[in-house]
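Engineer: I have a structure I would like to understand better, so I am pasting it below and will then ask my questions one at a time.
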There are 2 protein chains.
Amino acid sequence: MEADDDVPLILTWDDANSGLLSEETERRDENGGNYDIVNNAVIPTPGPQHQRAQNASLRHSWEMNYQEAAIYLQEGENNDKFFTHPRNPKAVAAYLFAHNHLFYMMELLTGLLLMVLSLCEAPAVPSLRLDVYVHATLELLALVMVAFELCMKLRWLGFHTFIRHKRTMVKTCVLLLQFVEAIVVLIRQTSHMRVTRALRPIFLVDCRYCGAVRRNLRQIFQSLPPFIDILLLLLFFMVIFAILGFCLFSPNTADPYFNTLENSIVSLFVLLTTANFPDVMMPAYSRNRWSCVFFIIYLSIELYFIMNLLLAVVFDTFNGVEKMKFKSLLLHKRSAIDHAFQLLVSRQRPMGVSLKQFDGLMRFYRPRMSARDRFLTYKALNTSGSPMLSLQDFYKFYEVIGLKWKARRSGEHWFDDMPHTTFLIFKGINLLVKSKAFQYAMHVVVAVNGVWILVETFMINSGLSSFKFVPWSYIVFLTIYGAEVLLKVSGLGPVAYFSSGWNLFDFSVTMFAFLGLIATALDMEPFYFIVVLRQLQLLRLFKIKQRYRNVLDTMFELFPRMASLGLTLIIFYYSFAIVGMEFFANVVYPNCCNTSTVADSYRQINITIDNKTVLQEGYYYLNNFNNILSSFVTLFELTVVNNWYITMEGVTSMTTHWSRLYFMTFYIVTMVVMTIIVAFILDAFVFRMNYSRKNRELLENPEDENGIVFEAEVSRDEALATLELYKQTYLGPSSLSSLQGLLHAMDRSGHSCLMYLGRRSRTKSDLSMKMYEEEIQEWYAEYSRENLPKEGQSLEQELGSPFSDPQLNSQTEPYSIN
Amino acid sequence: MEADDDVPLILTWDDANSGLLSEETERRDENGGNYDIVNNAVIPTPGPQHQRAQNASLRHSWEMNYQEAAIYLQEGENNDKFFTHPRNPKAVAAYLFAHNHLFYMMELLTGLLLMVLSLCEAPAVPSLRLDVYVHATLELLALVMVAFELCMKLRWLGFHTFIRHKRTMVKTCVLLLQFVEAIVVLIRQTSHMRVTRALRPIFLVDCRYCGAVRRNLRQIFQSLPPFIDILLLLLFFMVIFAILGFCLFSPNTADPYFNTLENSIVSLFVLLTTANFPDVMMPAYSRNRWSCVFFIIYLSIELYFIMNLLLAVVFDTFNGVEKMKFKSLLLHKRSAIDHAFQLLVSRQRPMGVSLKQFDGLMRFYRPRMSARDRFLTYKALNTSGSPMLSLQDFYKFYEVIGLKWKARRSGEHWFDDMPHTTFLIFKGINLLVKSKAFQYAMHVVVAVNGVWILVETFMINSGLSSFKFVPWSYIVFLTIYGAEVLLKVSGLGPVAYFSSGWNLFDFSVTMFAFLGLIATALDMEPFYFIVVLRQLQLLRLFKIKQRYRNVLDTMFELFPRMASLGLTLIIFYYSFAIVGMEFFANVVYPNCCNTSTVADSYRQINITIDNKTVLQEGYYYLNNFNNILSSFVTLFELTVVNNWYITMEGVTSMTTHWSRLYFMTFYIVTMVVMTIIVAFILDAFVFRMNYSRKNRELLENPEDENGIVFEAEVSRDEALATLELYKQTYLGPSSLSSLQGLLHAMDRSGHSCLMYLGRRSRTKSDLSMKMYEEEIQEWYAEYSRENLPKEGQSLEQELGSPFSDPQLNSQTEPYSIN
């Protein structure tokens, strides 16, 4: 086969090529680089022994190239910068060790373990308290793991790159600090004030699996400068109004809110969150009715104008940042593909990647992918039908890589192979289920059920007992829904049925409702709240209207991002919770805070009214920092903002007035995160709605609604040739079973070619591709303009790899000579 | 002059033309229309007597045309639909009567009077209480005024159009109702339950001057459908969670929030506003710590997700509505210009408007405009330099009409005419003031002053007395600012200085600071809060940074819209205040509401602590509906939302639980309005920021920063010719003084031509024009495509006027014949 003689255009990690191409090794030493160009591809007539050795060596160097190309593509996918690219086989070993799911899992678990430890360290959750030596030992263990991970990283990156990598350096410093502290704790056998535990989330954030959280944090920091500008404006007006308020209201001795300048500022800060309104106004208002003007103006300027301005500015920045992020990700991927392409082409055919090379790459890039899918992916990329993949074809790599391949069924229905009578029955059901009339009928049923349930719900007055009685209407409707599910499953086939999100939704709602019915029938007490599922049936109503479908579709698309934003918030919570616990654990308790204005909220006394003793509880002592779980709940309450000043004042009255700083800082931080969450939701929805306006036909096409579809047609000859090719490339026969399966399927169906469909769900990135279509072309043009003048050179050069030599490259003979 | 022989292409209001063109009058009767085409412009050789009479008649018909064109342009400007266009001279008289500032003012005052009456009607503000017969008589008077206005409208519109005009019909109905009620009150000499007073704002909203409020209301109603959709989703989840909460928490007898299903729903509704958090959670939380999960999930879904979704959906709709509104306004204006143009061209030259005709139009459209400015406006429109205005030129009418004209100074500086020594001094000052060094030095001074004031402010602890002492630093800085103002005024000249908004800002801040100094020096007690103005100096800091300048510029541009939105909110407040007063006046008082859970907030008791009697006040009885001012404050508190349930529960406990409906409705209404305000601010800022990104050079050009500038160069010959023309058109010499002034100025300066600059401030519409540049071309193309096939016809036909006759128009001979 001719492919066997192909020599890679670029040879990577040169130690491996020592046996071969001796003229290059000499030159390599001059350059000190790891990339060499094979100058003379036509090797002077060697003996058969030499030929075999050379073939083995050539094969080995191809394998090395495949691996490096796979690493490049992985870096492109993960948005790893290329300056961390491994530079020699030792580094590659470390890289491969540090880049697999086992290692990632270990990283994640270590990070989680460190965070979870705070449940058991004093002040611990009572039921989870551990002895000091236990949790300190656990901590040391986890830290050793982290140190081990860092060592692997050091091996892979090399010392120079390692100290240039900021995130890793911060992690190392924190690690050292934590080490020292953990050892101190072990020696003293008691915990000291360990505020540095607030830095623990760093270990979690640095995990591969927390990439989304890292991106969120970056986005938050990028949105900060404009945010801070407007915040200053906000605080400035606050101070001005505080001075004015102090002047106006301090003569009133009954007014505790403005009696000193500090109180005045704190009152107006709390008023900014509206938490003490209208109480803060009342003493002044009862003296002079016109004093309300002060508060109305303050709130109008601060709350209704500047706070919204804040949102506007963050939204605007967020918009820009999202787009820039998308652009840089896109160009990074493109450059990764450029790198990989250079490594995959051969000297003989420098403009294309053959199936053999693509397959070699995929064996490293996706080791679990079956031979058939590798072949189909190649077919999907190869739109031009030429024997090689051009660079333009190859640019679609990331769009194609996630596809799940399935043969298009020869018939339309799942019941085509059944006996004739059965076929007719199912065909009838199929037609029924697909008819408009059936759908409208179901909508009507749902609507009637909706009204029914609403009316019924508002008739409930007698408490729980009424929930235990199942009304007949419920059983009737449930039967109809059950019948609908059965009809649909049998008419469309289980696979087609469950591939639609809305059908899944219907199915699960109906299933849950059945469960609820069974629970009620069996009178299972702990599950009684499952009766609420009856009302959940109403959710079906929302699929009738296009707007709700849009909203819910967007919700599902956004869910991953929302979850990562939630996680980001939890990481902030964690740090604040640790600080809160260190400073405020056990400072509030029932009947504390008698010196503050909020003493009532902390009171727990028995009072006698009409000869009955009633426990009057303020409950706020429950909002404390006594352990990490309580702290989280307290912080959530502070996030919701209402009445947060009661917690603040309570804690302040039991400690110093500097404690307010903690609460105010927390408020501002959550304000940032919350504003960004709002901006994110706004952005995502407005984007989605614009998108659906732009591509109305696309969204209305039910085929495309579920995602991206690629097609690949495979003829018998192609499949046979591929099988032959694969057999030659020293693979165990077991890995070829998928391809052989393809051939068997062809034999069975009797068709000379089979159509395969690759599907994946649509991501935000796909939508962005569509939305920014024109701009993307500009970006690409700009990108290639920047890279064009050096096109003759190795691409590594431009991207900062210090090991390639432009002189060498410019000396190479033009390709046309070969 | 040739212009005297010109015959209008279209003759309007044909009664006036009876003497002239007898052949047309015959035809008119056939058509019943008011527009006639002069078929034969070449009138058969008449005698001199006849000639004079015909000239007078021709002049008269031109005048009628000018007037109608002016009315069209006015309708375009005011966005009045053309179906309300007056159709005969009687209607025109009524139209003119009803369209001048005196009439508008009367409308406005009547509307205001009706609204202000509620201050004096029971339950009245104590100091403004009037006897029943007084306020009822006043009301009747105002209603008679409204009826008179409606009669004028009836005369102008005609009965058919009148009853087709929805807003006017609603107004009429409300008027009748109010009449009956007012008479009933007068007869019974006591007020009955008059909820219909809540409809009074209709009279105000219908005023010409409240057009912006009307547009806001329309926009709110247009944004409602998507809002309601999401609201339903919100309420749906609320009900589901209410049932679940009822199931979970009703066994806990210490939990008053979930003991019935109604309480459960109300608690969760209030929780949606966060007003009862964390109190609502506390009883359950103290029983079982995991119950917080219920509340966290509820708030995450409802408050943090769906509420933001609401904003996203409204924002998106708002965006679309804004654009559509802009489009329809733009096309309406264009069509008004088309109409006016048709009325201004003559048979002889149907493609252009001459200066004479333009001047005639302007005399009706802007009666107060000087002859010079009319001429200059014509010059500004006439960009091609041809003797006539083409339709394309005329389309710029609305851009040019608001310009303020001023001669460009022959020299650069205001002190050019001064003696040489003085000139040199001022020139030096001018150079100094304009130098970068001076500006940076001032920035440094402001920054130092800022830090100084902040430090000083935080040193204040001893209350008011410290404000009375003026620190030396204050005097030093103020002196510097004073010197700066003096230097700038003398260097740039007062006119140039005050034409910049930022200089005005500097000037006023400095002036106020001086006032504050004087007030402190004179120890004027009532003005002591003027010391706060010291801190206002810091506002100067904000002009240093580009972002703040952008923000503040945008603020000023938005101010009119913001004010109209505020007014809209007040109108909603008014209606709710009236309803509140009718139902809840005097229901809450100190120590009321003892049966409710919020009794504490209404308590006013003397308690003895440590042998001292202290008045413990809940103050919430102050939040009542006892008169309209109190109601407004109460409604503002409800808008701010915090602790609103205390007011709700207080009122509910003294009335029925249906009262909650009032408060909940109010919450939802203000939520709509507030969401729209937020959407508006977001939209405006994002728009502005996009704009400034798109046209960075434009905003950085200081010339353009202050607005739109047009230029017109006038030569001596032109001016003389125009003067001659004006003298012929039977005007008193007094009105020509401005033109003669222009000629004198030319003589004085010795130049043969003078350059005039027309300026106006930039509006949102100008920004939109720039932003949607490409789309506007599409809209115009679409608009003219729609109108093109009927171009030969009268434009009125297409726009729905039933009085023009296409047959007639298609019978007219082509223009080329004349």
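For the structure tokens, the naming scheme is as follows: chains receive sequential letters (A, B, ...) according to their order of presentation, residues are indexed from 1 within each chain, and ligands are indexed from 1 in presentation order.
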Using DSSP assignments from the backbone, pull out every residue in range 473-666 of chain B that falls under alpha helix (DSSP H) and give it to me as a PyMOL selection string.

Structural biologist: chain B and resi 473-492+494-498+501-522+533-536+546-584+599-602+628-640+644-654+659-666

Engineer: Counting only C-alpha atoms, which residues from chain B have an atom at most 7 Å from any atom of chain A, and could you show them as a list in words?

Structural biologist: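 Matching residues, ligands excluded from the count: Ile240, Ile243, Leu244, Cys247, Leu261, Thr274, Ala275, Phe277, Pro278, Met282, Asn308, Ala312, Asp316, Asn461, Leu464, Phe529, Val532, Gln535, Tyr619, Glu637, Val640, Asn642, Val678, Ile681, Leu682, Phe685 and Val686 of chain B.
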